[in-house]
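Shown here: coords_7.txt, compact mmCIF, C-alpha atoms.
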```txt
# COMPACT_ATOMS: atom_id res chain seq x y z
CA MET A 824 0.00 0.00 0.00
CA GLU A 825 1.34 3.42 -0.99
CA GLN A 826 0.63 6.78 0.68
CA ALA A 827 1.16 10.20 -0.92
CA LEU A 828 1.51 13.41 1.11
CA LEU A 829 0.00 16.53 -0.46
CA ALA A 830 1.04 20.10 0.06
CA GLU A 831 -2.63 21.18 0.02
CA PRO A 832 -5.69 19.53 1.59
CA VAL A 833 -7.52 17.31 -0.87
CA ASN A 834 -10.96 18.64 -1.72
CA GLY A 835 -13.61 16.33 -3.03
CA TYR A 836 -11.54 13.20 -2.50
CA GLU A 837 -14.37 10.68 -2.58
CA SER A 838 -14.87 8.34 0.34
CA GLU A 839 -16.29 5.78 -2.10
CA PHE A 840 -14.18 3.93 -4.64
CA GLU A 841 -15.12 2.46 -8.01
CA ILE A 842 -13.79 -0.75 -9.57
CA CYS A 843 -13.04 0.25 -13.13
CA PRO A 844 -11.54 -1.57 -16.12
CA PRO A 845 -7.77 -1.10 -16.22
CA CYS A 846 -6.28 1.24 -18.80
CA CYS A 847 -2.75 1.15 -20.02
CA GLY A 848 -2.07 4.68 -21.22
CA PRO A 849 0.00 7.38 -19.53
CA ASP A 850 -3.15 9.10 -18.20
CA CYS A 851 -4.00 6.25 -15.82
CA GLY A 852 -3.47 6.60 -12.09
CA ALA A 853 -5.07 8.18 -9.02
CA TRP A 854 -6.46 11.68 -9.37
CA ALA A 855 -7.01 14.21 -6.60
CA LEU A 856 -8.34 17.77 -6.43
CA ALA A 857 -6.27 19.96 -4.12
CA GLY A 858 -5.97 23.73 -3.85
CA GLY A 859 -7.49 24.42 -7.28
CA GLU A 860 -5.24 21.89 -8.97
CA LEU A 861 -5.69 18.42 -10.44
CA LEU A 862 -3.00 16.03 -9.22
CA GLN A 863 -2.23 12.65 -10.76
CA PHE A 864 -0.27 9.89 -9.00
CA ASP A 865 1.09 6.60 -10.26
CA ALA A 866 0.81 3.24 -8.48
CA ALA A 867 3.92 4.01 -6.43
CA GLY A 868 2.41 7.26 -5.15
CA ALA A 869 4.67 9.48 -7.21
CA LEU A 870 3.18 12.74 -8.55
CA THR A 871 3.08 12.43 -12.35
CA ARG A 872 0.92 15.40 -13.36
CA GLU A 873 -0.22 18.71 -11.94
CA VAL A 874 -2.91 20.73 -13.76
CA SER A 875 -3.96 24.18 -12.56
CA LEU A 876 -7.70 24.92 -12.65
CA LYS A 877 -7.46 28.52 -11.48
CA GLY A 878 -8.15 29.84 -14.97
CA LEU A 879 -11.54 28.13 -15.26
CA ASN A 880 -13.44 31.06 -13.75
CA SER A 881 -15.21 28.57 -11.50
CA ARG A 882 -15.05 28.61 -7.73
CA LEU A 883 -13.79 25.29 -6.38
CA GLY A 884 -14.50 25.28 -2.68
CA PRO A 885 -14.05 22.63 0.02
CA GLY A 886 -17.19 20.79 -1.14
CA ALA A 887 -16.03 20.27 -4.72
CA GLN A 888 -16.50 16.76 -6.09
CA LEU A 889 -14.13 14.96 -8.45
CA THR A 890 -15.28 11.97 -10.54
CA LEU A 891 -13.01 10.09 -12.92
CA ASN A 892 -14.19 8.50 -16.16
CA PRO A 893 -11.64 5.66 -16.56
CA TYR A 894 -12.71 4.89 -20.12
CA ASP A 895 -11.56 8.14 -21.72
CA VAL A 896 -9.61 9.45 -18.67
CA SER A 897 -11.74 12.56 -18.44
CA LEU A 898 -12.86 14.15 -15.19
CA TRP A 899 -16.10 15.67 -13.90
CA VAL A 900 -15.74 18.46 -11.36
CA SER A 901 -18.76 19.78 -9.53
CA ASP A 902 -18.99 22.52 -6.92
CA GLY A 903 -22.51 23.62 -6.15
CA LYS A 904 -24.56 23.97 -9.32
CA PRO A 905 -21.72 24.32 -11.86
CA LEU A 906 -20.59 21.02 -13.44
CA LEU A 907 -17.37 20.89 -15.48
CA HIS A 908 -16.23 18.10 -17.78
CA LEU A 909 -12.42 18.25 -18.17
CA SER A 910 -9.80 16.40 -20.15
CA ALA A 911 -6.79 14.89 -18.43
CA GLN A 912 -4.87 17.99 -19.48
CA GLY A 913 -7.35 20.31 -17.78
CA ALA A 914 -9.13 21.50 -20.94
CA VAL A 915 -12.86 22.20 -20.52
CA LEU A 916 -14.93 19.78 -22.58
CA GLU A 917 -18.33 20.92 -21.29
CA ARG A 918 -19.87 23.39 -18.85
CA LEU A 919 -23.22 22.35 -17.41
CA SER A 920 -25.49 23.76 -14.72
CA LEU A 921 -27.38 21.61 -12.19
CA SER A 922 -30.81 22.44 -10.82
CA SER A 923 -29.61 21.95 -7.23
CA PRO A 924 -26.15 21.98 -5.63
CA ALA A 925 -24.37 18.63 -5.97
CA ARG A 926 -23.41 16.89 -2.77
CA GLN A 927 -21.88 13.91 -4.51
CA ALA A 928 -21.43 12.58 -8.04
CA ALA A 929 -20.89 9.04 -9.35
CA LEU A 930 -20.30 7.52 -12.76
CA SER A 931 -22.05 4.40 -14.09
CA LEU A 932 -20.47 1.84 -16.40
CA ASP A 933 -22.18 3.41 -19.42
CA GLU A 934 -20.30 6.68 -18.63
CA THR A 935 -23.44 8.44 -17.38
CA LEU A 936 -22.80 10.85 -14.53
CA TRP A 937 -25.30 11.03 -11.69
CA ALA A 938 -25.19 14.00 -9.34
CA LEU A 939 -26.98 13.96 -5.98
CA GLY A 940 -28.41 17.26 -4.83
CA ASN A 941 -30.98 18.40 -2.30
CA LYS A 942 -33.41 15.47 -2.66
CA GLN A 943 -32.67 15.67 -6.37
CA LEU A 944 -30.91 13.36 -8.82
CA THR A 945 -29.47 14.79 -12.05
CA GLN A 946 -28.31 12.67 -14.99
CA ALA A 947 -25.69 13.94 -17.43
CA LYS A 948 -23.60 12.43 -20.21
CA SER A 949 -21.05 13.76 -22.63
CA PRO A 950 -21.64 15.21 -25.17
CA ALA A 951 -25.44 15.23 -24.68
CA GLY A 952 -25.29 17.31 -21.50
CA VAL A 953 -27.97 17.14 -18.80
CA LEU A 954 -30.40 14.31 -19.61
CA GLY A 955 -32.90 14.80 -16.80
CA SER A 956 -33.58 15.45 -13.13
CA TYR A 957 -35.62 13.34 -10.73
CA GLY A 958 -37.05 14.45 -7.41
CA LEU A 959 -36.70 12.31 -4.27
CA GLN A 960 -39.02 14.36 -2.05
CA GLY A 961 -41.49 11.55 -1.51
CA ALA A 962 -38.88 8.82 -1.31
CA VAL A 963 -36.47 9.96 1.41
CA SER A 964 -37.18 11.67 4.73
CA ALA A 965 -33.71 13.03 5.53
CA GLU A 966 -31.42 14.86 3.16
CA PRO A 967 -29.45 12.22 1.16
CA ARG A 968 -25.71 12.73 1.19
CA ARG A 969 -24.17 9.61 -0.39
CA LEU A 970 -24.59 8.10 -3.85
CA ALA A 971 -23.55 4.84 -5.52
CA VAL A 972 -24.45 3.74 -9.05
CA ASP A 973 -25.22 0.14 -10.03
CA GLY A 974 -25.20 0.52 -13.81
CA LEU A 975 -25.40 -3.18 -14.68
CA ARG A 976 -28.60 -3.61 -12.71
CA GLY A 977 -30.00 -0.19 -13.60
CA SER A 978 -30.28 1.22 -10.10
CA LEU A 979 -28.87 3.88 -7.77
CA TRP A 980 -28.23 3.75 -4.05
CA VAL A 981 -28.87 6.94 -2.10
CA GLY A 982 -27.72 7.20 1.50
CA GLY A 983 -29.12 9.52 4.15
CA GLU A 984 -28.03 9.79 7.76
CA LYS A 985 -29.75 6.58 8.89
CA ALA A 986 -31.33 5.22 5.74
CA LEU A 987 -30.46 3.58 2.43
CA THR A 988 -32.72 3.92 -0.60
CA ARG A 989 -32.46 2.00 -3.86
CA VAL A 990 -33.87 3.74 -6.93
CA ASP A 991 -34.54 1.55 -9.97
CA LEU A 992 -34.19 3.50 -13.19
CA SER A 993 -36.23 1.44 -15.66
CA PRO A 994 -38.75 2.05 -17.11
CA ALA A 995 -38.85 5.24 -15.02
CA PRO A 996 -37.02 6.11 -11.79
CA ARG A 997 -38.86 4.69 -8.78
CA VAL A 998 -37.97 3.82 -5.19
CA ALA A 999 -37.59 0.04 -4.97
CA LEU A 1000 -36.19 -0.47 -1.49
CA THR A 1001 -35.65 1.46 1.74
CA VAL A 1002 -33.44 0.19 4.56
CA ALA A 1003 -33.43 1.85 7.96
CA LEU A 1004 -29.98 1.95 9.57
CA ALA A 1005 -29.17 1.72 13.26
CA GLU A 1006 -26.07 3.90 12.90
CA PRO A 1007 -25.34 7.08 10.92
CA LEU A 1008 -24.09 6.43 7.39
CA ALA A 1009 -20.53 7.57 6.75
CA ALA A 1010 -19.92 6.46 3.16
CA LEU A 1011 -21.01 4.08 0.39
CA ALA A 1012 -19.03 1.93 -1.99
CA LEU A 1013 -20.42 -0.37 -4.66
CA ASN A 1014 -18.81 -3.07 -6.76
CA PRO A 1015 -20.38 -2.31 -10.16
CA TYR A 1016 -19.82 -5.86 -11.44
CA THR A 1017 -21.30 -7.87 -8.55
CA GLY A 1018 -23.71 -5.24 -7.21
CA GLU A 1019 -22.38 -5.65 -3.66
CA LEU A 1020 -22.85 -2.51 -1.62
CA TRP A 1021 -20.53 -1.59 1.22
CA VAL A 1022 -21.56 0.91 3.88
CA ALA A 1023 -19.01 2.69 6.07
CA GLY A 1024 -20.25 3.04 9.62
CA LEU A 1025 -22.56 0.03 9.25
CA GLU A 1026 -22.13 -3.60 8.33
CA LEU A 1027 -25.51 -4.94 7.26
CA ARG A 1028 -25.79 -8.67 6.62
CA PRO A 1029 -28.76 -11.00 6.27
CA THR A 1030 -28.77 -13.95 8.65
CA LEU A 1031 -30.24 -17.42 8.23
CA GLU A 1032 -31.26 -20.03 10.81
CA LEU A 1033 -32.43 -23.58 10.19
CA LEU A 1034 -35.55 -24.33 12.23
CA ALA A 1035 -36.35 -27.80 10.84
CA PRO A 1036 -35.30 -30.54 10.45
CA ALA A 1037 -33.07 -30.48 13.52
CA PRO A 1038 -29.34 -30.78 12.77
CA GLU A 1039 -28.22 -34.39 12.36
CA ALA A 1040 -31.84 -35.47 12.86
CA LEU A 1041 -33.05 -39.05 12.53
CA THR A 1042 -36.64 -39.05 11.26
CA ASN A 1043 -39.22 -41.58 10.13
CA ASP A 1044 -40.95 -38.91 8.03
CA PRO A 1045 -39.95 -39.43 4.37
CA GLN A 1046 -41.24 -35.94 3.48
CA PRO A 1047 -40.04 -33.74 6.35
CA ARG A 1048 -40.88 -30.04 6.47
CA PHE A 1049 -37.98 -27.63 6.01
CA ALA A 1050 -38.22 -24.27 7.79
CA LEU A 1051 -35.78 -21.35 7.72
CA SER A 1052 -35.80 -18.10 9.69
CA CYS A 1053 -34.37 -15.00 7.99
CA GLY A 1054 -32.95 -12.08 9.94
CA ALA A 1055 -30.55 -9.17 9.62
CA ALA A 1056 -27.51 -8.06 11.60
CA CYS A 1057 -26.23 -4.49 11.80
CA ASN A 1058 -22.62 -4.42 12.95
CA GLY A 1059 -23.10 -7.93 14.27
CA SER A 1060 -26.26 -7.24 16.28
CA PRO A 1061 -29.85 -8.09 15.25
CA CYS A 1062 -31.64 -5.11 13.72
CA ARG A 1063 -35.12 -4.33 12.46
CA LEU A 1064 -35.51 -3.26 8.84
CA GLU A 1065 -38.28 -2.00 6.61
CA ALA A 1066 -40.73 -4.54 5.16
CA ASN A 1067 -39.43 -4.15 1.61
CA TYR A 1068 -36.00 -5.38 2.72
CA TRP A 1069 -37.44 -8.83 3.38
CA THR A 1070 -39.27 -9.05 0.08
CA GLY A 1071 -35.95 -8.42 -1.66
CA LEU A 1072 -34.30 -11.53 -0.23
CA ALA A 1073 -33.30 -14.27 -2.68
CA LEU A 1074 -32.94 -17.80 -1.32
CA SER A 1075 -30.67 -20.44 -2.79
CA ALA A 1076 -31.08 -23.95 -1.39
CA THR A 1077 -30.19 -27.48 -2.41
CA LEU A 1078 -31.52 -30.83 -1.21
CA ASN A 1079 -29.34 -33.78 -2.15
CA GLY A 1080 -27.76 -31.59 -4.84
CA GLN A 1081 -31.07 -30.47 -6.39
CA MET A 1082 -31.96 -26.76 -6.45
CA ILE A 1083 -35.12 -26.10 -4.40
CA GLY A 1084 -34.72 -22.43 -3.38
CA THR A 1085 -37.59 -21.16 -5.54
CA GLN A 1086 -39.96 -23.76 -4.05
CA PHE A 1087 -39.80 -22.26 -0.55
CA VAL A 1088 -42.80 -20.18 0.53
CA PHE A 1089 -41.76 -16.98 2.33
CA ASP A 1090 -43.93 -15.35 4.98
CA PRO A 1091 -43.00 -11.63 5.18
CA ALA A 1092 -44.79 -11.29 8.53
CA THR A 1093 -42.65 -13.89 10.32
CA HIS A 1094 -39.60 -13.71 8.01
CA GLN A 1095 -39.74 -17.51 7.73
CA ALA A 1096 -39.56 -19.71 4.63
CA ALA A 1097 -40.96 -23.24 4.46
CA TYR A 1098 -40.83 -26.16 2.04
CA THR A 1099 -42.15 -29.74 2.07
CA PRO A 1100 -40.79 -32.21 -0.50
CA PRO A 1101 -43.53 -33.36 -2.90
CA VAL A 1102 -42.11 -36.90 -3.02
CA ARG A 1103 -40.46 -39.26 -0.55
CA LEU A 1104 -36.81 -38.69 0.21
CA PRO A 1105 -34.48 -41.68 -0.05
CA GLU A 1106 -33.80 -43.87 2.96
CA GLY A 1107 -30.56 -43.07 4.71
CA ALA A 1108 -28.45 -39.92 4.65
CA ASN A 1109 -29.80 -36.71 3.05
CA ALA A 1110 -28.01 -33.35 2.68
CA PHE A 1111 -29.45 -29.83 2.77
CA ARG A 1112 -27.80 -26.43 2.25
CA ALA A 1113 -29.21 -22.89 2.10
CA GLN A 1114 -28.12 -19.23 1.92
CA VAL A 1115 -29.91 -15.93 1.27
CA LYS A 1116 -28.78 -12.78 -0.51
CA ASP A 1117 -30.40 -9.40 0.04
CA ALA A 1118 -31.06 -6.69 -2.52
CA LEU A 1119 -27.80 -5.02 -1.49
CA GLY A 1120 -25.87 -8.04 -2.72
CA HIS A 1121 -24.89 -9.16 0.78
CA ARG A 1122 -24.94 -12.89 1.44
CA SER A 1123 -25.93 -14.53 4.69
CA ASN A 1124 -24.21 -17.30 6.55
CA SER A 1125 -24.69 -20.74 5.01
CA VAL A 1126 -26.73 -23.34 6.86
CA THR A 1127 -26.06 -27.02 6.21
CA ASN A 1128 -27.71 -30.11 7.60
CA SER A 1129 -27.15 -33.82 7.17
CA PHE A 1130 -30.09 -35.85 8.41
CA THR A 1131 -31.21 -39.46 8.11
CA VAL A 1132 -34.55 -40.81 6.91
CA ASP A 1133 -35.48 -44.20 8.39
CA THR A 1134 -38.99 -45.54 7.82
CA ILE A 1135 -38.20 -49.24 8.33
CA ALA A 1136 -39.42 -50.69 11.64
CA PRO A 1137 -37.41 -53.29 13.61
CA GLN A 1138 -38.23 -56.96 13.14
CA PHE A 1139 -38.74 -59.64 15.77
CA LEU A 1140 -36.31 -62.46 15.11
CA SER A 1141 -37.69 -64.60 17.95
CA LEU A 1142 -40.38 -64.44 20.63
CA THR A 1143 -41.06 -66.98 23.39
CA PRO A 1144 -43.10 -68.68 24.77
CA ALA A 1145 -44.71 -69.90 21.58
CA GLU A 1146 -47.97 -68.24 20.76
CA GLY A 1147 -50.89 -69.61 22.74
CA SER A 1148 -48.90 -71.52 25.32
CA THR A 1149 -50.91 -72.59 28.39
CA PHE A 1150 -49.05 -73.07 31.65
CA HIS A 1151 -49.67 -74.86 34.91
CA ALA A 1152 -47.67 -72.25 36.86
CA ALA A 1153 -48.56 -68.53 36.88
CA GLY A 1154 -44.97 -67.24 36.64
CA VAL A 1155 -43.56 -67.15 33.10
CA GLU A 1156 -41.01 -65.17 31.11
CA ILE A 1157 -41.62 -63.45 27.77
CA ALA A 1158 -38.33 -63.18 25.88
CA GLY A 1159 -37.09 -62.61 22.39
CA THR A 1160 -34.69 -60.89 19.99
CA VAL A 1161 -35.05 -57.97 17.53
CA ASP A 1162 -32.75 -57.01 14.64
CA ASP A 1163 -31.96 -53.47 15.92
CA ARG A 1164 -29.47 -53.21 18.78
CA GLU A 1165 -30.52 -49.61 19.47
CA ALA A 1166 -34.24 -50.39 19.72
CA THR A 1167 -36.33 -50.07 22.86
CA VAL A 1168 -38.59 -53.06 23.61
CA VAL A 1169 -41.71 -52.40 25.64
CA LEU A 1170 -44.28 -54.80 27.11
CA GLU A 1171 -47.66 -53.11 27.29
CA GLY A 1172 -48.69 -52.55 30.88
CA VAL A 1173 -45.19 -53.29 32.18
CA GLY A 1174 -42.77 -50.89 30.47
CA PRO A 1175 -39.42 -51.16 28.71
CA ALA A 1176 -37.17 -54.15 29.07
CA VAL A 1177 -34.59 -53.80 31.84
CA ASN A 1178 -30.93 -54.50 31.05
CA PRO A 1179 -31.39 -55.91 27.54
CA THR A 1180 -28.46 -57.71 25.96
CA ARG A 1181 -27.00 -56.02 22.87
CA SER A 1182 -24.84 -57.77 20.31
CA THR A 1183 -23.37 -56.35 17.11
CA ASP A 1184 -26.70 -56.15 15.28
CA THR A 1185 -29.39 -57.48 17.63
CA LEU A 1186 -31.01 -56.87 21.00
CA SER A 1187 -32.32 -59.60 23.34
CA PHE A 1188 -34.93 -58.89 26.02
CA ARG A 1189 -36.76 -60.62 28.90
CA PHE A 1190 -39.97 -59.78 30.79
CA PRO A 1191 -40.85 -61.84 33.89
CA VAL A 1192 -44.67 -61.80 34.16
CA THR A 1193 -47.29 -63.37 36.41
CA LEU A 1194 -50.35 -64.67 34.57
CA ALA A 1195 -53.83 -64.24 35.96
CA PRO A 1196 -56.37 -67.08 35.70
CA GLY A 1197 -58.05 -66.99 32.30
CA ALA A 1198 -57.07 -64.99 29.24
CA ASN A 1199 -53.85 -62.95 29.31
CA PRO A 1200 -53.52 -60.76 26.19
CA PHE A 1201 -50.18 -59.04 25.69
CA THR A 1202 -48.42 -56.69 23.24
CA VAL A 1203 -44.65 -56.44 22.89
CA SER A 1204 -43.38 -53.45 20.85
CA ALA A 1205 -39.94 -52.70 19.44
CA ILE A 1206 -39.31 -48.99 18.82
CA ASP A 1207 -36.24 -47.79 16.93
CA ARG A 1208 -34.48 -44.41 17.35
CA ALA A 1209 -36.45 -42.92 14.43
CA GLY A 1210 -39.77 -43.79 16.09
CA ASN A 1211 -40.73 -46.75 13.90
CA VAL A 1212 -42.71 -49.38 15.84
CA ALA A 1213 -43.06 -53.15 15.38
CA SER A 1214 -45.54 -54.98 17.63
CA ALA A 1215 -46.30 -58.61 18.49
CA HIS A 1216 -49.77 -59.27 19.93
CA GLY A 1217 -51.13 -62.21 21.93
CA ARG A 1218 -54.63 -63.28 22.94
CA GLU A 1219 -55.46 -65.98 25.51
CA ARG A 1220 -58.48 -68.11 26.49
CA VAL A 1221 -58.87 -70.47 29.42
CA CYS A 1222 -59.92 -74.12 28.87
CA ALA A 1223 -62.59 -75.13 31.43
CA GLU A 1224 -62.07 -78.92 31.50
CA SER A 1225 -59.21 -81.30 30.76
CA HIS A 1226 -60.81 -84.26 29.01
CA ALA A 1227 -61.45 -83.13 25.42
CA CYS A 1228 -61.24 -80.15 23.07
CA ARG A 1229 -63.83 -78.72 20.74
CA GLU A 1230 -63.56 -75.98 18.13
CA GLU A 1231 -64.99 -72.48 18.59
CA PRO A 1232 -66.11 -70.56 15.45
CA GLY A 1233 -62.97 -69.18 13.80
CA ALA A 1234 -60.63 -71.78 15.25
CA ARG A 1235 -58.19 -73.18 12.72
CA ALA A 1236 -57.42 -76.52 14.33
CA CYS A 1237 -57.82 -78.50 17.50
CA PHE A 1238 -55.76 -81.61 18.15
CA HIS A 1239 -56.28 -84.30 20.83
CA SER A 1240 -53.67 -86.17 22.77
CA LYS A 1241 -55.40 -88.86 24.86
CA PRO A 1242 -52.56 -89.50 27.29
CA ARG A 1243 -52.79 -86.92 30.11
CA GLY A 1244 -55.56 -85.13 28.20
CA LYS A 1245 -53.25 -82.68 26.35
CA THR A 1246 -54.73 -80.52 23.56
CA VAL A 1247 -52.99 -78.50 20.86
CA ALA A 1248 -54.50 -75.68 18.77
CA ILE A 1249 -53.18 -72.94 16.45
CA GLY A 1250 -53.76 -69.39 17.77
CA ALA A 1251 -52.07 -66.77 19.98
CA GLY A 1252 -51.74 -65.84 23.62
CA LEU A 1253 -50.86 -67.35 26.98
CA THR A 1254 -53.36 -69.18 29.18
CA TYR A 1255 -53.01 -69.97 32.87
CA LYS A 1256 -55.06 -73.06 33.96
CA ARG A 1257 -55.59 -74.24 37.50
CA TRP A 1258 -55.51 -77.94 36.60
CA PRO A 1259 -52.32 -79.91 35.87
CA VAL A 1260 -52.51 -79.91 32.07
CA ARG A 1261 -50.25 -77.99 29.64
CA THR A 1262 -52.04 -76.84 26.47
CA ILE A 1263 -50.49 -75.08 23.46
CA ILE A 1264 -52.92 -72.56 21.92
CA GLY A 1265 -52.37 -70.45 18.84
CA GLY A 1266 -54.71 -67.49 19.19
CA VAL A 1267 -58.24 -68.93 18.90
CA PRO A 1268 -60.51 -70.07 21.75
CA CYS A 1269 -60.00 -73.69 22.74
CA PHE A 1270 -62.42 -75.20 25.28
CA SER A 1271 -62.26 -78.69 26.79
CA PRO A 1272 -65.86 -79.71 27.58
CA PRO A 1273 -66.58 -82.47 30.12
CA GLY A 1274 -66.09 -86.01 28.88
CA PRO A 1275 -64.01 -89.10 29.38
CA SER A 1276 -60.33 -88.88 28.62
```
For this file, produce the structure as structure tokens.
Amino acid sequence: MEQALLAEPVNGYESEFEICPPCCGPDCGAWALAGGELLQFDAAGALTREVSLKGLNSRLGPGAQLTLNPYDVSLWVSDGKPLLHLSAQGAVLERLSLSSPARQAALSLDETLWALGNKQLTQAKSPAGVLGSYGLQGAVSAEPRRLAVDGLRGSLWVGGEKALTRVDLSPAPRVALTVALAEPLAALALNPYTGELWVAGLELRPTLELLAPAPEALTNDPQPRFALSCGAACNGSPCRLEANYWTGLALSATLNGQMIGTQFVFDPATHQAAYTPPVRLPEGANAFRAQVKDALGHRSNSVTNSFTVDTIAPQFLSLTPAEGSTFHAAGVEIAGTVDDREATVVLEGVGPAVNPTRSTDTLSFRFPVTLAPGANPFTVSAIDRAGNVASAHGRERVCAESHACREEPGARACFHSKPRGKTVAIGAGLTYKRWPVRTIIGGVPCFSPPGPS
């Protein structure tokens, strides 16, 4: 970085800068207006040219503005209402008069000069002269003092003490955006190629927060809702802005590499955007990324999320006793294995299994239970971390006698075993009988009416 010391104070040395195409001729360099003279410096800070303006018959006071046209290396000098267009040698190319005193001037990429006056914008171009003036009385409350031109996007930025206003020029000048500032505005600078606006005295940035799904979430919803909250930070602290700031936000978002930003629905009242996928997401890992950009060209922080979709419930690999077992003793144990070592197994009416045994891929469980006389229905459920549930149900009936077995409507089979009066049927559930007979039942009623064995 080079620094040049001047013998005279620099008047009109703009606090903004412009990114201009490089030129290679001898007239390139930094230009300054000091003590009624134009001074040119090279990249090393050496003074390469000094042009006296004292013979122009124009008063150049402390408020004079200097604007360089890098394309033809000409200069615009304004001080109050007079506007001079000069060559690099100091020759007057044009003399124009503004309708109001110029506070600041800026050049667009098409070489149009814009001068900001007392709530007035004036447009001029060489050799056509003044092209028009536009009043800002209804658009700004305080006197605007800073100006930046976004020629590629056809807009101007006007800065007051605590406000920024964007004026779109096509088809006719109109106020498109107003941003209230928490701190006084010191200066503006705009990158004419990207449209990014920089504000001295204030750093304004949009912010973005992911509300749903939760970071690193595991969900059994194959079409989860995505929700984002948009905000703004002024110098790092949250700040409130005008409503039209929020409508100017542009969201870019991807889900598993697919662009979905335009599918979000934005609520200007809550500053939240929401989206629900129209089709199921794939099982397993999914990736989401989002960022917003405001009308000033400022980008927010990026939010990223990797979450997992799991809609597959655990499976019971084994469950004992066999369905429909009938026991002589009331104390039994329900036990089994599921294929998910992270699952939680719950017996309805009892609670989760205590101290289950976990292997590499499976989980084994045990429930000591005491059967009541008669039917003992039960439900064992396996719940994985995503909330998927697999259940095994049982239904029991008591057999009244021990000599024979007859079918109830709906029973699938009933088998007789004469020795000791045993009966076997296909159904479900556990039955506790007070007489010394063990019966295997498979879920349908099985009664043993009186009769000889």
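For the atom pair formed by CA of Tyr957 (chain A) and CA of Trp899 (chain A), the distance is 19.9 Å, given to one decimal.
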task: Rank A:Arg1112, A:Arg1181, A:Arg1063, A:His1151 by their smallest atom-to-atom distance to Thr1193 (chain A), using only C-alpha atoms, and report the top residue only.
output: A:His1151
field: Of the listed residues A:Pro1029, A:Leu932, A:Glu1065, A:Gln1046, that which approaches Leu1004 (chain A) most closely, counting only C-alpha atoms
entry: A:Glu1065
field: Counting only C-alpha atoms, the residue of A:Thr1183, A:Thr1030, A:Asn1079, A:Thr1143 that sits nearest Asp1117 (chain A)
entry: A:Thr1030
task: Around the point (-23.9, 18.0, -2.3) in the file's coordinates, collect all residues with an atom within 9 Å, using all atoms listed in the file, and return them as a ChimeraX atom specification.
output: /A:886-888,902-903,923-928,938-941,967-969
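Interatomic distance, CA of Gln1095 (chain A) to CA of Val990 (chain A): 26.5 Å.
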message: List the spatial neighbours of Pro1038 (chain A) as a list in words - criterion: any atom at most 8 Å away, only C-alpha atoms, same-chain residues fewer than 5 positions off excluded.
response: Asn1128, Ser1129 and Phe1130 of chain A
- request: Please provide as a list in words all residues within 8 Å of Leu1072 (chain A), with the sequence filter that same-chain residues fewer than 3 positions apart are discarded (counting all atoms listed in the file).
  value: Tyr1068, Trp1069, Val1115, Lys1116, Asp1117 and Ala1118 of chain A
Could you turn the residues from that selection into a file that holds C-alpha atoms, as a compact mmCIF listing (two decimals), in the frame of the given file?
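The resulting file, again15.txt, is shown below:
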```txt
# COMPACT_ATOMS: atom_id res chain seq x y z
CA TYR A 1068 -36.00 -5.38 2.72
CA TRP A 1069 -37.44 -8.83 3.38
CA VAL A 1115 -29.91 -15.93 1.27
CA LYS A 1116 -28.78 -12.78 -0.51
CA ASP A 1117 -30.40 -9.40 0.04
CA ALA A 1118 -31.06 -6.69 -2.52
```
Mind writing region 863-872 of chain A to a file for me, with N, CA and C atoms, as an mmCIF file, in the first residue's frame?
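Once written, out_8.cif looks like this:
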```cif
data_model
loop_
_atom_site.group_PDB
_atom_site.id
_atom_site.type_symbol
_atom_site.label_atom_id
_atom_site.label_comp_id
_atom_site.auth_asym_id
_atom_site.auth_seq_id
_atom_site.Cartn_x
_atom_site.Cartn_y
_atom_site.Cartn_z
ATOM 1 N N GLN A 863 -2.203 14.051 -10.348
ATOM 2 C CA GLN A 863 -2.226 12.651 -10.764
ATOM 3 C C GLN A 863 -1.043 11.925 -10.156
ATOM 4 N N PHE A 864 -1.316 10.690 -9.639
ATOM 5 C CA PHE A 864 -0.269 9.895 -9.001
ATOM 6 C C PHE A 864 -0.232 8.521 -9.665
ATOM 7 N N ASP A 865 0.979 7.947 -9.721
ATOM 8 C CA ASP A 865 1.088 6.596 -10.260
ATOM 9 C C ASP A 865 0.906 5.577 -9.136
ATOM 10 N N ALA A 866 1.060 4.296 -9.462
ATOM 11 C CA ALA A 866 0.812 3.243 -8.482
ATOM 12 C C ALA A 866 1.790 3.292 -7.315
ATOM 13 N N ALA A 867 2.939 3.903 -7.511
ATOM 14 C CA ALA A 867 3.919 4.015 -6.432
ATOM 15 C C ALA A 867 3.700 5.248 -5.575
ATOM 16 N N GLY A 868 2.686 6.062 -5.923
ATOM 17 C CA GLY A 868 2.410 7.263 -5.151
ATOM 18 C C GLY A 868 3.187 8.485 -5.611
ATOM 19 N N ALA A 869 3.887 8.341 -6.726
ATOM 20 C CA ALA A 869 4.667 9.482 -7.214
ATOM 21 C C ALA A 869 3.767 10.424 -8.013
ATOM 22 N N LEU A 870 3.947 11.731 -7.824
ATOM 23 C CA LEU A 870 3.184 12.740 -8.553
ATOM 24 C C LEU A 870 3.647 12.763 -10.009
ATOM 25 N N THR A 871 2.730 12.492 -10.929
ATOM 26 C CA THR A 871 3.084 12.425 -12.347
ATOM 27 C C THR A 871 2.510 13.579 -13.152
ATOM 28 N N ARG A 872 1.511 14.295 -12.612
ATOM 29 C CA ARG A 872 0.921 15.400 -13.357
ATOM 30 C C ARG A 872 0.289 16.377 -12.382
#
```
